>>> print(open('target21.pdb').read())   # PDB, C-alpha atoms
ATOM      1  CA  MET H   1     207.340 236.192 236.660  1.00  0.00           C
ATOM      2  CA  ALA H   2     204.572 238.775 236.318  1.00  0.00           C
ATOM      3  CA  ILE H   3     203.839 239.694 232.714  1.00  0.00           C
ATOM      4  CA  SER H   4     200.866 240.826 230.647  1.00  0.00           C
ATOM      5  CA  LYS H   5     198.283 238.390 229.315  1.00  0.00           C
ATOM      6  CA  CYS H   6     199.285 239.573 225.810  1.00  0.00           C
ATOM      7  CA  LEU H   7     202.841 238.333 226.319  1.00  0.00           C
ATOM      8  CA  ILE H   8     201.545 235.033 227.697  1.00  0.00           C
ATOM      9  CA  SER H   9     199.458 234.595 224.548  1.00  0.00           C
ATOM     10  CA  PHE H  10     202.396 235.544 222.322  1.00  0.00           C
ATOM     11  CA  ARG H  11     204.727 233.024 223.929  1.00  0.00           C
ATOM     12  CA  ASN H  12     202.155 230.219 223.981  1.00  0.00           C
ATOM     13  CA  ARG H  13     201.157 230.702 220.340  1.00  0.00           C
ATOM     14  CA  MET H  14     204.783 230.899 219.219  1.00  0.00           C
ATOM     15  CA  SER H  15     205.590 227.701 221.126  1.00  0.00           C
ATOM     16  CA  HIS H  16     203.421 225.776 218.648  1.00  0.00           C
ATOM     17  CA  PHE H  17     205.280 227.294 215.675  1.00  0.00           C
ATOM     18  CA  ASN H  18     208.589 226.522 217.389  1.00  0.00           C
ATOM     19  CA  ALA H  19     207.500 222.902 217.833  1.00  0.00           C
ATOM     20  CA  ASP H  20     206.973 222.768 214.047  1.00  0.00           C
ATOM     21  CA  LEU H  21     210.541 224.004 213.568  1.00  0.00           C
ATOM     22  CA  ASP H  22     211.897 221.343 215.896  1.00  0.00           C
ATOM     23  CA  PHE H  23     209.939 218.593 214.191  1.00  0.00           C
ATOM     24  CA  VAL H  24     211.035 219.392 210.644  1.00  0.00           C
ATOM     25  CA  ASP H  25     214.644 219.726 211.818  1.00  0.00           C
ATOM     26  CA  ILE H  26     214.447 216.303 213.484  1.00  0.00           C
ATOM     27  CA  LEU H  27     212.943 214.872 210.291  1.00  0.00           C
ATOM     28  CA  SER H  28     215.755 216.350 208.223  1.00  0.00           C
ATOM     29  CA  LYS H  29     218.429 214.952 210.539  1.00  0.00           C
ATOM     30  CA  SER H  30     216.730 211.547 210.502  1.00  0.00           C
ATOM     31  CA  ILE H  31     217.189 211.376 206.734  1.00  0.00           C
ATOM     32  CA  GLU H  32     220.824 212.398 206.999  1.00  0.00           C
ATOM     33  CA  ASN H  33     221.368 209.734 209.670  1.00  0.00           C
ATOM     34  CA  GLY H  34     219.864 207.067 207.419  1.00  0.00           C
ATOM     35  CA  ASN H  35     216.847 206.405 209.620  1.00  0.00           C
ATOM     36  CA  PHE H  36     214.685 206.124 206.488  1.00  0.00           C
ATOM     37  CA  SER H  37     216.470 203.280 204.736  1.00  0.00           C
ATOM     38  CA  SER H  38     213.541 201.412 203.205  1.00  0.00           C
ATOM     39  CA  GLU H  39     213.979 200.614 199.525  1.00  0.00           C
ATOM     40  CA  GLU H  40     210.248 200.016 199.097  1.00  0.00           C
ATOM     41  CA  GLU H  41     208.768 203.391 200.074  1.00  0.00           C
ATOM     42  CA  LEU H  42     209.941 206.977 200.376  1.00  0.00           C
ATOM     43  CA  PHE H  43     208.624 207.446 203.908  1.00  0.00           C
ATOM     44  CA  PRO H  44     206.750 205.028 206.187  1.00  0.00           C
ATOM     45  CA  GLY H  45     203.219 204.852 204.806  1.00  0.00           C
ATOM     46  CA  SER H  46     203.917 207.064 201.782  1.00  0.00           C
ATOM     47  CA  ASN H  47     202.850 204.323 199.343  1.00  0.00           C
ATOM     48  CA  ASP H  48     199.260 204.703 200.516  1.00  0.00           C
ATOM     49  CA  GLU H  49     197.062 205.356 197.486  1.00  0.00           C
ATOM     50  CA  ARG H  50     195.848 208.606 199.067  1.00  0.00           C
ATOM     51  CA  TYR H  51     199.288 210.138 198.532  1.00  0.00           C
ATOM     52  CA  THR H  52     199.103 210.450 194.783  1.00  0.00           C
ATOM     53  CA  ILE H  53     202.303 212.506 194.572  1.00  0.00           C
ATOM     54  CA  LEU H  54     204.645 210.938 197.127  1.00  0.00           C
ATOM     55  CA  SER H  55     203.715 207.395 196.149  1.00  0.00           C
ATOM     56  CA  HIS H  56     205.105 208.009 192.649  1.00  0.00           C
ATOM     57  CA  TYR H  57     208.446 209.445 193.760  1.00  0.00           C
ATOM     58  CA  LYS H  58     211.450 207.264 193.078  1.00  0.00           C
ATOM     59  CA  VAL H  59     212.546 205.808 196.409  1.00  0.00           C
ATOM     60  CA  GLY H  60     215.890 207.143 197.588  1.00  0.00           C
ATOM     61  CA  ASP H  61     217.570 209.610 199.936  1.00  0.00           C
ATOM     62  CA  GLN H  62     217.903 212.247 197.226  1.00  0.00           C
ATOM     63  CA  ASN H  63     214.132 212.479 196.850  1.00  0.00           C
ATOM     64  CA  ARG H  64     213.663 212.293 200.616  1.00  0.00           C
ATOM     65  CA  ARG H  65     215.926 215.323 200.967  1.00  0.00           C
ATOM     66  CA  LEU H  66     214.083 217.054 198.136  1.00  0.00           C
ATOM     67  CA  VAL H  67     210.723 216.632 199.865  1.00  0.00           C
ATOM     68  CA  VAL H  68     211.937 217.628 203.327  1.00  0.00           C
ATOM     69  CA  ASN H  69     213.992 220.588 202.081  1.00  0.00           C
ATOM     70  CA  HIS H  70     210.939 221.963 200.294  1.00  0.00           C
ATOM     71  CA  LEU H  71     208.915 221.444 203.467  1.00  0.00           C
ATOM     72  CA  LYS H  72     211.559 223.314 205.474  1.00  0.00           C
ATOM     73  CA  SER H  73     211.616 226.185 202.987  1.00  0.00           C
ATOM     74  CA  THR H  74     207.820 226.465 203.078  1.00  0.00           C
ATOM     75  CA  LEU H  75     207.735 226.278 206.872  1.00  0.00           C
ATOM     76  CA  TYR H  76     210.499 228.861 207.336  1.00  0.00           C
ATOM     77  CA  THR H  77     208.743 231.315 205.048  1.00  0.00           C
ATOM     78  CA  ALA H  78     205.436 230.807 206.866  1.00  0.00           C
ATOM     79  CA  TYR H  79     207.197 231.161 210.220  1.00  0.00           C
ATOM     80  CA  ILE H  80     208.586 234.618 209.418  1.00  0.00           C
ATOM     81  CA  LYS H  81     205.148 235.787 208.284  1.00  0.00           C
ATOM     82  CA  ASP H  82     203.460 234.318 211.374  1.00  0.00           C
ATOM     83  CA  LEU H  83     206.120 235.821 213.643  1.00  0.00           C
ATOM     84  CA  TYR H  84     205.346 239.282 212.286  1.00  0.00           C
ATOM     85  CA  GLU H  85     201.618 238.631 212.637  1.00  0.00           C
ATOM     86  CA  GLU H  86     201.965 237.497 216.254  1.00  0.00           C
ATOM     87  CA  PHE H  87     204.137 240.534 216.997  1.00  0.00           C
ATOM     88  CA  SER H  88     201.425 242.809 215.574  1.00  0.00           C
ATOM     89  CA  ILE H  89     198.743 240.988 217.574  1.00  0.00           C
ATOM     90  CA  TYR H  90     200.776 241.571 220.727  1.00  0.00           C
ATOM     91  CA  LEU H  91     201.193 245.309 220.073  1.00  0.00           C
ATOM     92  CA  LYS H  92     197.517 245.774 219.268  1.00  0.00           C
ATOM     93  CA  GLY H  93     196.469 243.749 222.310  1.00  0.00           C
ATOM     94  CA  ILE H  94     198.603 245.870 224.623  1.00  0.00           C
ATOM     95  CA  MET H  95     197.127 249.057 223.180  1.00  0.00           C
ATOM     96  CA  LYS H  96     193.632 247.759 223.900  1.00  0.00           C
ATOM     97  CA  GLU H  97     194.457 246.679 227.435  1.00  0.00           C
ATOM     98  CA  VAL H  98     196.180 249.967 228.242  1.00  0.00           C
ATOM     99  CA  TYR H  99     193.117 251.857 227.018  1.00  0.00           C
ATOM    100  CA  SER H 100     190.664 249.598 228.863  1.00  0.00           C
ATOM    101  CA  ASN H 101     192.607 250.179 232.077  1.00  0.00           C
ATOM    102  CA  ALA H 102     192.336 253.949 231.500  1.00  0.00           C
ATOM    103  CA  LYS H 103     196.106 254.311 231.911  1.00  0.00           C
ATOM    104  CA  VAL H 104     196.737 256.333 228.742  1.00  0.00           C
ATOM    105  CA  THR H 105     194.585 259.190 227.538  1.00  0.00           C
ATOM    106  CA  PRO H 106     192.604 258.772 224.310  1.00  0.00           C
ATOM    107  CA  GLU H 107     194.439 261.824 222.953  1.00  0.00           C
ATOM    108  CA  ARG H 108     197.810 260.069 223.278  1.00  0.00           C
ATOM    109  CA  LEU H 109     196.610 256.817 221.708  1.00  0.00           C
ATOM    110  CA  SER H 110     194.742 258.443 218.856  1.00  0.00           C
ATOM    111  CA  GLY H 111     196.940 261.424 218.059  1.00  0.00           C
ATOM    112  CA  GLU H 112     195.640 263.079 214.903  1.00  0.00           C
ATOM    113  CA  HIS H 113     194.016 259.895 213.606  1.00  0.00           C
ATOM    114  CA  THR H 114     190.343 260.046 212.639  1.00  0.00           C
ATOM    115  CA  VAL H 115     187.946 257.124 212.214  1.00  0.00           C
ATOM    116  CA  ASN H 116     185.205 257.143 209.617  1.00  0.00           C
ATOM    117  CA  LEU H 117     182.139 255.486 211.131  1.00  0.00           C
ATOM    118  CA  SER H 118     178.525 256.175 210.326  1.00  0.00           C
ATOM    119  CA  SER H 119     176.075 256.895 213.120  1.00  0.00           C
ATOM    120  CA  VAL H 120     174.545 253.466 212.494  1.00  0.00           C
ATOM    121  CA  ASP H 121     177.955 251.792 212.835  1.00  0.00           C
ATOM    122  CA  ILE H 122     178.637 253.675 216.070  1.00  0.00           C
ATOM    123  CA  LEU H 123     175.299 252.648 217.561  1.00  0.00           C
ATOM    124  CA  HIS H 124     175.832 249.026 216.516  1.00  0.00           C
ATOM    125  CA  HIS H 125     179.283 248.922 218.106  1.00  0.00           C
ATOM    126  CA  LEU H 126     178.065 250.681 221.236  1.00  0.00           C
ATOM    127  CA  GLN H 127     175.344 248.079 221.513  1.00  0.00           C
ATOM    128  CA  ALA H 128     177.874 245.282 220.999  1.00  0.00           C
ATOM    129  CA  GLY H 129     180.274 246.898 223.465  1.00  0.00           C
ATOM    130  CA  ASP H 130     183.248 246.767 221.079  1.00  0.00           C
ATOM    131  CA  LEU H 131     183.488 250.366 219.877  1.00  0.00           C
ATOM    132  CA  ALA H 132     186.854 250.936 221.586  1.00  0.00           C
ATOM    133  CA  ASP H 133     188.260 247.791 219.949  1.00  0.00           C
ATOM    134  CA  VAL H 134     187.086 248.959 216.537  1.00  0.00           C
ATOM    135  CA  VAL H 135     188.682 252.376 216.978  1.00  0.00           C
ATOM    136  CA  ILE H 136     191.997 250.966 218.222  1.00  0.00           C
ATOM    137  CA  ASP H 137     192.019 248.415 215.384  1.00  0.00           C
ATOM    138  CA  ASP H 138     191.636 251.331 212.976  1.00  0.00           C
ATOM    139  CA  ILE H 139     194.414 253.318 214.664  1.00  0.00           C
ATOM    140  CA  PHE H 140     196.743 250.331 214.510  1.00  0.00           C
ATOM    141  CA  GLN H 141     195.834 249.660 210.884  1.00  0.00           C
ATOM    142  CA  SER H 142     196.789 253.223 209.993  1.00  0.00           C
ATOM    143  CA  LEU H 143     200.235 252.595 211.507  1.00  0.00           C
ATOM    144  CA  GLU H 144     200.652 249.360 209.553  1.00  0.00           C
ATOM    145  CA  ASN H 145     199.523 251.053 206.348  1.00  0.00           C
ATOM    146  CA  GLU H 146     202.687 253.136 206.419  1.00  0.00           C
ATOM    147  CA  ARG H 147     204.508 249.912 205.529  1.00  0.00           C
ATOM    148  CA  SER H 148     207.373 250.858 207.797  1.00  0.00           C
ATOM    149  CA  THR H 149     208.006 248.497 210.667  1.00  0.00           C
ATOM    150  CA  ILE H 150     210.387 250.926 212.338  1.00  0.00           C
ATOM    151  CA  ALA H 151     207.730 253.670 212.203  1.00  0.00           C
ATOM    152  CA  LEU H 152     205.136 251.257 213.613  1.00  0.00           C
ATOM    153  CA  VAL H 153     207.332 250.293 216.568  1.00  0.00           C
ATOM    154  CA  THR H 154     208.505 253.856 217.221  1.00  0.00           C
ATOM    155  CA  LYS H 155     204.994 255.326 217.197  1.00  0.00           C
ATOM    156  CA  PHE H 156     203.744 252.472 219.369  1.00  0.00           C
ATOM    157  CA  HIS H 157     206.267 253.375 222.071  1.00  0.00           C
ATOM    158  CA  LYS H 158     205.311 257.034 221.782  1.00  0.00           C
ATOM    159  CA  LYS H 159     201.600 256.336 222.079  1.00  0.00           C
ATOM    160  CA  LEU H 160     202.140 254.336 225.268  1.00  0.00           C
ATOM    161  CA  GLY H 161     204.677 256.793 226.653  1.00  0.00           C
ATOM    162  CA  ILE H 162     207.413 254.215 227.212  1.00  0.00           C
ATOM    163  CA  ASN H 163     211.105 254.562 226.400  1.00  0.00           C
ATOM    164  CA  ILE H 164     212.437 252.795 223.353  1.00  0.00           C
ATOM    165  CA  ASP H 165     215.491 250.529 223.456  1.00  0.00           C
ATOM    166  CA  GLN H 166     216.913 251.290 220.025  1.00  0.00           C
ATOM    167  CA  THR H 167     219.299 248.341 220.013  1.00  0.00           C
ATOM    168  CA  LEU H 168     216.501 245.844 220.644  1.00  0.00           C
ATOM    169  CA  VAL H 169     214.313 247.561 218.058  1.00  0.00           C
ATOM    170  CA  ASP H 170     217.074 247.523 215.435  1.00  0.00           C
ATOM    171  CA  ASN H 171     217.780 243.838 216.093  1.00  0.00           C
ATOM    172  CA  ALA H 172     214.100 242.960 215.713  1.00  0.00           C
ATOM    173  CA  ILE H 173     213.577 245.128 212.632  1.00  0.00           C
ATOM    174  CA  TYR H 174     216.557 243.410 210.992  1.00  0.00           C
ATOM    175  CA  TYR H 175     214.547 240.179 210.907  1.00  0.00           C
ATOM    176  CA  LEU H 176     211.039 241.624 210.608  1.00  0.00           C
ATOM    177  CA  GLU H 177     212.083 243.252 207.324  1.00  0.00           C
ATOM    178  CA  ILE H 178     212.545 239.780 205.866  1.00  0.00           C
ATOM    179  CA  ARG H 179     208.774 239.364 206.007  1.00  0.00           C
ATOM    180  CA  HIS H 180     208.291 242.421 203.776  1.00  0.00           C
ATOM    181  CA  LYS H 181     210.541 240.876 201.121  1.00  0.00           C
ATOM    182  CA  LEU H 182     208.827 237.498 201.346  1.00  0.00           C
ATOM    183  CA  VAL H 183     205.398 239.070 200.902  1.00  0.00           C
ATOM    184  CA  HIS H 184     206.145 241.682 198.254  1.00  0.00           C
ATOM    185  CA  THR H 185     209.069 240.302 196.229  1.00  0.00           C
ATOM    186  CA  ASP H 186     208.841 236.555 196.902  1.00  0.00           C
ATOM    187  CA  GLY H 187     212.080 236.806 198.871  1.00  0.00           C
ATOM    188  CA  TYR H 188     214.172 238.401 196.124  1.00  0.00           C
ATOM    189  CA  VAL H 189     216.254 241.341 197.323  1.00  0.00           C
ATOM    190  CA  SER H 190     218.477 244.108 196.031  1.00  0.00           C
ATOM    191  CA  ASP H 191     222.223 244.354 196.517  1.00  0.00           C
ATOM    192  CA  GLU H 192     221.565 247.193 198.941  1.00  0.00           C
ATOM    193  CA  PHE H 193     219.392 244.927 201.108  1.00  0.00           C
ATOM    194  CA  LYS H 194     222.146 242.306 201.093  1.00  0.00           C
ATOM    195  CA  LYS H 195     224.641 244.901 202.320  1.00  0.00           C
ATOM    196  CA  THR H 196     222.436 245.901 205.253  1.00  0.00           C
ATOM    197  CA  HIS H 197     221.507 242.277 206.008  1.00  0.00           C
ATOM    198  CA  ASP H 198     224.871 240.603 205.622  1.00  0.00           C
ATOM    199  CA  LEU H 199     224.155 237.966 208.268  1.00  0.00           C
ATOM    200  CA  LEU H 200     221.554 236.303 206.047  1.00  0.00           C
ATOM    201  CA  ASN H 201     222.207 233.706 203.362  1.00  0.00           C
ATOM    202  CA  TYR H 202     221.161 234.203 199.739  1.00  0.00           C
ATOM    203  CA  THR H 203     220.866 232.128 196.580  1.00  0.00           C
ATOM    204  CA  SER H 204     222.798 232.951 193.417  1.00  0.00           C
ATOM    205  CA  THR H 205     219.718 234.838 192.198  1.00  0.00           C
ATOM    206  CA  ASN H 206     219.593 237.134 195.270  1.00  0.00           C
ATOM    207  CA  LYS H 207     216.763 235.327 196.997  1.00  0.00           C
ATOM    208  CA  ILE H 208     216.801 235.077 200.794  1.00  0.00           C
ATOM    209  CA  LYS H 209     217.779 231.559 201.847  1.00  0.00           C
ATOM    210  CA  LEU H 210     216.218 230.855 205.224  1.00  0.00           C
ATOM    211  CA  ASP H 211     217.590 228.223 207.560  1.00  0.00           C
ATOM    212  CA  TYR H 212     216.973 226.920 211.071  1.00  0.00           C
ATOM    213  CA  TYR H 213     219.601 229.197 212.634  1.00  0.00           C
ATOM    214  CA  THR H 214     218.191 232.357 211.013  1.00  0.00           C
ATOM    215  CA  ILE H 215     214.664 231.484 212.108  1.00  0.00           C
ATOM    216  CA  CYS H 216     215.808 230.935 215.703  1.00  0.00           C
ATOM    217  CA  GLN H 217     217.690 234.241 215.662  1.00  0.00           C
ATOM    218  CA  ALA H 218     214.594 235.999 214.341  1.00  0.00           C
ATOM    219  CA  TYR H 219     212.422 234.610 217.108  1.00  0.00           C
ATOM    220  CA  ALA H 220     214.968 235.521 219.777  1.00  0.00           C
ATOM    221  CA  ALA H 221     215.225 239.113 218.500  1.00  0.00           C
ATOM    222  CA  ILE H 222     211.451 239.665 218.433  1.00  0.00           C
ATOM    223  CA  LEU H 223     210.969 237.950 221.812  1.00  0.00           C
ATOM    224  CA  HIS H 224     213.601 240.221 223.399  1.00  0.00           C
ATOM    225  CA  LEU H 225     211.838 243.307 222.040  1.00  0.00           C
ATOM    226  CA  VAL H 226     208.378 242.113 223.102  1.00  0.00           C
ATOM    227  CA  SER H 227     209.685 241.222 226.564  1.00  0.00           C
ATOM    228  CA  ASP H 228     211.313 244.643 226.904  1.00  0.00           C
ATOM    229  CA  ILE H 229     208.087 246.402 225.889  1.00  0.00           C
ATOM    230  CA  ASP H 230     206.101 244.228 228.262  1.00  0.00           C
ATOM    231  CA  SER H 231     208.451 244.893 231.158  1.00  0.00           C
ATOM    232  CA  LYS H 232     208.145 248.647 230.667  1.00  0.00           C
ATOM    233  CA  VAL H 233     204.375 248.434 230.331  1.00  0.00           C
ATOM    234  CA  MET H 234     204.149 246.415 233.537  1.00  0.00           C
ATOM    235  CA  ASN H 235     206.562 248.650 235.465  1.00  0.00           C
ATOM    236  CA  ALA H 236     204.505 251.673 234.466  1.00  0.00           C
ATOM    237  CA  GLY H 237     201.342 249.960 235.726  1.00  0.00           C
ATOM    238  CA  LEU H 238     199.688 250.169 232.305  1.00  0.00           C
ATOM    239  CA  ALA H 239     198.482 246.567 232.195  1.00  0.00           C
ATOM    240  CA  LYS H 240     197.282 243.962 234.661  1.00  0.00           C
ATOM    241  CA  SER H 241     199.812 241.516 236.045  1.00  0.00           C
ATOM    242  CA  HIS H 242     199.639 237.799 235.278  1.00  0.00           C
ATOM    243  CA  ILE H 243     201.813 234.841 236.205  1.00  0.00           C
ATOM    244  CA  TYR H 244     203.257 233.038 233.206  1.00  0.00           C
ATOM    245  CA  LYS H 245     202.588 229.330 233.019  1.00  0.00           C
ATOM    246  CA  LYS H 246     203.941 227.616 229.939  1.00  0.00           C
ATOM    247  CA  GLU H 247     201.192 225.994 227.907  1.00  0.00           C
ATOM    248  CA  THR H 248     201.471 222.229 227.593  1.00  0.00           C
ATOM    249  CA  ALA H 249     199.884 219.921 225.059  1.00  0.00           C
TER     250      ALA H 249
END
>>> encode(input="target21.pdb", output="structure tokens")
Amino acid sequence: MAISKCLISFRNRMSHFNADLDFVDILSKSIENGNFSSEEELFPGSNDERYTILSHYKVGDQNRRLVVNHLKSTLYTAYIKDLYEEFSIYLKGIMKEVYSNAKVTPERLSGEHTVNLSSVDILHHLQAGDLADVVIDDIFQSLENERSTIALVTKFHKKLGINIDQTLVDNAIYYLEIRHKLVHTDGYVSDEFKKTHDLLNYTSTNKIKLDYYTICQAYAAILHLVSDIDSKVMNAGLAKSHIYKKETA
């Protein structure tokens, strides 16, 4: 299937994060299945003197679950943040490729945005050959500074001149907004947020409770949106065509 190099990078990078999800889920199920039944150590090798914390845990399934559940919670939180970051990297990369291929006018990409660079900075970047990258980075940063993911995605479509699939955007935004709460409120949400995100799970203190299913749904929603954008970019001839080959370890 012909896709952009930006989508290839997105899928390959996310495959490593998805492998992390699989591994921690397997580890969790292994504990539930009694695969770690040693009464001498918490996990194989955990009594090594290097592990000054784990080696002092009381051996038992309750503490095994405690350790792995905390690991899952940490990983799930990091995953949502990384998913948003990889999504942003994809959008910015496509903007740069579209510009480098001279398929969209500078006026459309820039709009009313202005960049503050000194003459020295301009000459340095001209010499380095990365002036266009610097300008597009600044344009994209101005979109992110609005702190509105829906505005970012909407304006991105407008700048590239491609039609927006509102259903796919809404589905992706539903999960991308979790990242905002994790970053700015440590995952605690209002009752209003809970009403608009009733598919998520929450603790008794109104904190988002991430799980494997939610993470997989989040990835699927963002992948569908990215794939839709990429398909429209490719069909419009805005980016060069590449053949996707799944990265292997």
>>> residues_near_point(input="target21.pdb", point="(203.2, 235.4, 225.7)", cutoff="12 Å", atoms="only C-alpha atoms", output="MDAnalysis selection string")
chainID H and resid 1:16 86:87 89:91 93:94 222:224 226:227 230 242:247
>>> atom_distance(input="target21.pdb", atom1="CA of Val68 (chain H)", atom2="CA of Pro44 (chain H)")
13.9 Å
>>> resolve_selection(input="target21.pdb", expression="the PyMOL selection byres ((chain H and resi 181) around 12)", output="PDB file with C-alpha atoms, in the coordinates of the input")
ATOM      1  CA  THR H  77     208.743 231.315 205.048  1.00  0.00           C
ATOM      2  CA  ILE H  80     208.586 234.618 209.418  1.00  0.00           C
ATOM      3  CA  LYS H  81     205.148 235.787 208.284  1.00  0.00           C
ATOM      4  CA  ARG H 147     204.508 249.912 205.529  1.00  0.00           C
ATOM      5  CA  TYR H 174     216.557 243.410 210.992  1.00  0.00           C
ATOM      6  CA  TYR H 175     214.547 240.179 210.907  1.00  0.00           C
ATOM      7  CA  LEU H 176     211.039 241.624 210.608  1.00  0.00           C
ATOM      8  CA  GLU H 177     212.083 243.252 207.324  1.00  0.00           C
ATOM      9  CA  ILE H 178     212.545 239.780 205.866  1.00  0.00           C
ATOM     10  CA  ARG H 179     208.774 239.364 206.007  1.00  0.00           C
ATOM     11  CA  HIS H 180     208.291 242.421 203.776  1.00  0.00           C
ATOM     12  CA  LEU H 182     208.827 237.498 201.346  1.00  0.00           C
ATOM     13  CA  VAL H 183     205.398 239.070 200.902  1.00  0.00           C
ATOM     14  CA  HIS H 184     206.145 241.682 198.254  1.00  0.00           C
ATOM     15  CA  THR H 185     209.069 240.302 196.229  1.00  0.00           C
ATOM     16  CA  ASP H 186     208.841 236.555 196.902  1.00  0.00           C
ATOM     17  CA  GLY H 187     212.080 236.806 198.871  1.00  0.00           C
ATOM     18  CA  TYR H 188     214.172 238.401 196.124  1.00  0.00           C
ATOM     19  CA  VAL H 189     216.254 241.341 197.323  1.00  0.00           C
ATOM     20  CA  SER H 190     218.477 244.108 196.031  1.00  0.00           C
ATOM     21  CA  PHE H 193     219.392 244.927 201.108  1.00  0.00           C
ATOM     22  CA  LYS H 194     222.146 242.306 201.093  1.00  0.00           C
ATOM     23  CA  ASN H 206     219.593 237.134 195.270  1.00  0.00           C
ATOM     24  CA  LYS H 207     216.763 235.327 196.997  1.00  0.00           C
ATOM     25  CA  ILE H 208     216.801 235.077 200.794  1.00  0.00           C
ATOM     26  CA  LYS H 209     217.779 231.559 201.847  1.00  0.00           C
TER      27      LYS H 209
END
>>> resolve_selection(input="target21.pdb", expression="the PyMOL selection byres ((chain H and resi 96) around 10)", output="PDB file with C-alpha atoms, in the coordinates of the input")
ATOM      1  CA  TYR H  90     200.776 241.571 220.727  1.00  0.00           C
ATOM      2  CA  LEU H  91     201.193 245.309 220.073  1.00  0.00           C
ATOM      3  CA  LYS H  92     197.517 245.774 219.268  1.00  0.00           C
ATOM      4  CA  GLY H  93     196.469 243.749 222.310  1.00  0.00           C
ATOM      5  CA  ILE H  94     198.603 245.870 224.623  1.00  0.00           C
ATOM      6  CA  MET H  95     197.127 249.057 223.180  1.00  0.00           C
ATOM      7  CA  GLU H  97     194.457 246.679 227.435  1.00  0.00           C
ATOM      8  CA  VAL H  98     196.180 249.967 228.242  1.00  0.00           C
ATOM      9  CA  TYR H  99     193.117 251.857 227.018  1.00  0.00           C
ATOM     10  CA  SER H 100     190.664 249.598 228.863  1.00  0.00           C
ATOM     11  CA  ASN H 101     192.607 250.179 232.077  1.00  0.00           C
ATOM     12  CA  ALA H 102     192.336 253.949 231.500  1.00  0.00           C
ATOM     13  CA  LEU H 109     196.610 256.817 221.708  1.00  0.00           C
ATOM     14  CA  ALA H 132     186.854 250.936 221.586  1.00  0.00           C
ATOM     15  CA  ASP H 133     188.260 247.791 219.949  1.00  0.00           C
ATOM     16  CA  VAL H 134     187.086 248.959 216.537  1.00  0.00           C
ATOM     17  CA  VAL H 135     188.682 252.376 216.978  1.00  0.00           C
ATOM     18  CA  ILE H 136     191.997 250.966 218.222  1.00  0.00           C
ATOM     19  CA  ASP H 137     192.019 248.415 215.384  1.00  0.00           C
ATOM     20  CA  ALA H 239     198.482 246.567 232.195  1.00  0.00           C
TER      21      ALA H 239
END
>>> atom_distance(input="target21.pdb", atom1="CA of Leu42 (chain H)", atom2="CA of Lys29 (chain H)")
15.5 Å
>>> residues_near_point(input="target21.pdb", point="(204.6, 212.1, 194.5)", cutoff="12 Å", atoms="all atoms listed in the file", output="list in words")
Glu41, Leu42, Phe43, Ser46, Asn47, Asp48, Glu49, Arg50, Tyr51, Thr52, Ile53, Leu54, Ser55, His56, Tyr57, Lys58, Val59, Asn63, Arg64, Leu66 and Val67 of chain H
>>> write_last_selection(input="target21.pdb", atoms="C-alpha atoms", output="PDB file, in the frame of the given file")
ATOM      1  CA  GLU H  41     208.768 203.391 200.074  1.00  0.00           C
ATOM      2  CA  LEU H  42     209.941 206.977 200.376  1.00  0.00           C
ATOM      3  CA  PHE H  43     208.624 207.446 203.908  1.00  0.00           C
ATOM      4  CA  SER H  46     203.917 207.064 201.782  1.00  0.00           C
ATOM      5  CA  ASN H  47     202.850 204.323 199.343  1.00  0.00           C
ATOM      6  CA  ASP H  48     199.260 204.703 200.516  1.00  0.00           C
ATOM      7  CA  GLU H  49     197.062 205.356 197.486  1.00  0.00           C
ATOM      8  CA  ARG H  50     195.848 208.606 199.067  1.00  0.00           C
ATOM      9  CA  TYR H  51     199.288 210.138 198.532  1.00  0.00           C
ATOM     10  CA  THR H  52     199.103 210.450 194.783  1.00  0.00           C
ATOM     11  CA  ILE H  53     202.303 212.506 194.572  1.00  0.00           C
ATOM     12  CA  LEU H  54     204.645 210.938 197.127  1.00  0.00           C
ATOM     13  CA  SER H  55     203.715 207.395 196.149  1.00  0.00           C
ATOM     14  CA  HIS H  56     205.105 208.009 192.649  1.00  0.00           C
ATOM     15  CA  TYR H  57     208.446 209.445 193.760  1.00  0.00           C
ATOM     16  CA  LYS H  58     211.450 207.264 193.078  1.00  0.00           C
ATOM     17  CA  VAL H  59     212.546 205.808 196.409  1.00  0.00           C
ATOM     18  CA  ASN H  63     214.132 212.479 196.850  1.00  0.00           C
ATOM     19  CA  ARG H  64     213.663 212.293 200.616  1.00  0.00           C
ATOM     20  CA  LEU H  66     214.083 217.054 198.136  1.00  0.00           C
ATOM     21  CA  VAL H  67     210.723 216.632 199.865  1.00  0.00           C
TER      22      VAL H  67
END
>>> atom_distance(input="target21.pdb", atom1="CA of Val153 (chain H)", atom2="CA of Ile215 (chain H)")
20.7 Å
>>> residues_around(input="target21.pdb", residues="Ile229 (chain H)", least_positions_apart="6", cutoff="9 Å", atoms="only C-alpha atoms", output="list in words")
His157, Ile162, Asn163, Ile164 and Asp165 of chain H
>>> closest_residue(input="target21.pdb", among="H:Ala128, H:Leu75, H:Val169, H:Val120", to="Asp22 (chain H)", atoms="all atoms listed in the file")
H:Leu75
>>> closest_residue(input="target21.pdb", among="H:Ile31, H:Leu160, H:Leu83, H:Leu225", to="Asn18 (chain H)", atoms="only C-alpha atoms")
H:Leu83
>>> closest_residue(input="target21.pdb", among="H:Ser148, H:Ala172, H:Glu39, H:Ser88", to="Tyr219 (chain H)", atoms="only C-alpha atoms")
H:Ala172
>>> closest_residue(input="target21.pdb", among="H:Ile122, H:Gly237, H:Ser30, H:Asn171", to="Gln217 (chain H)", atoms="only C-alpha atoms")
H:Asn171
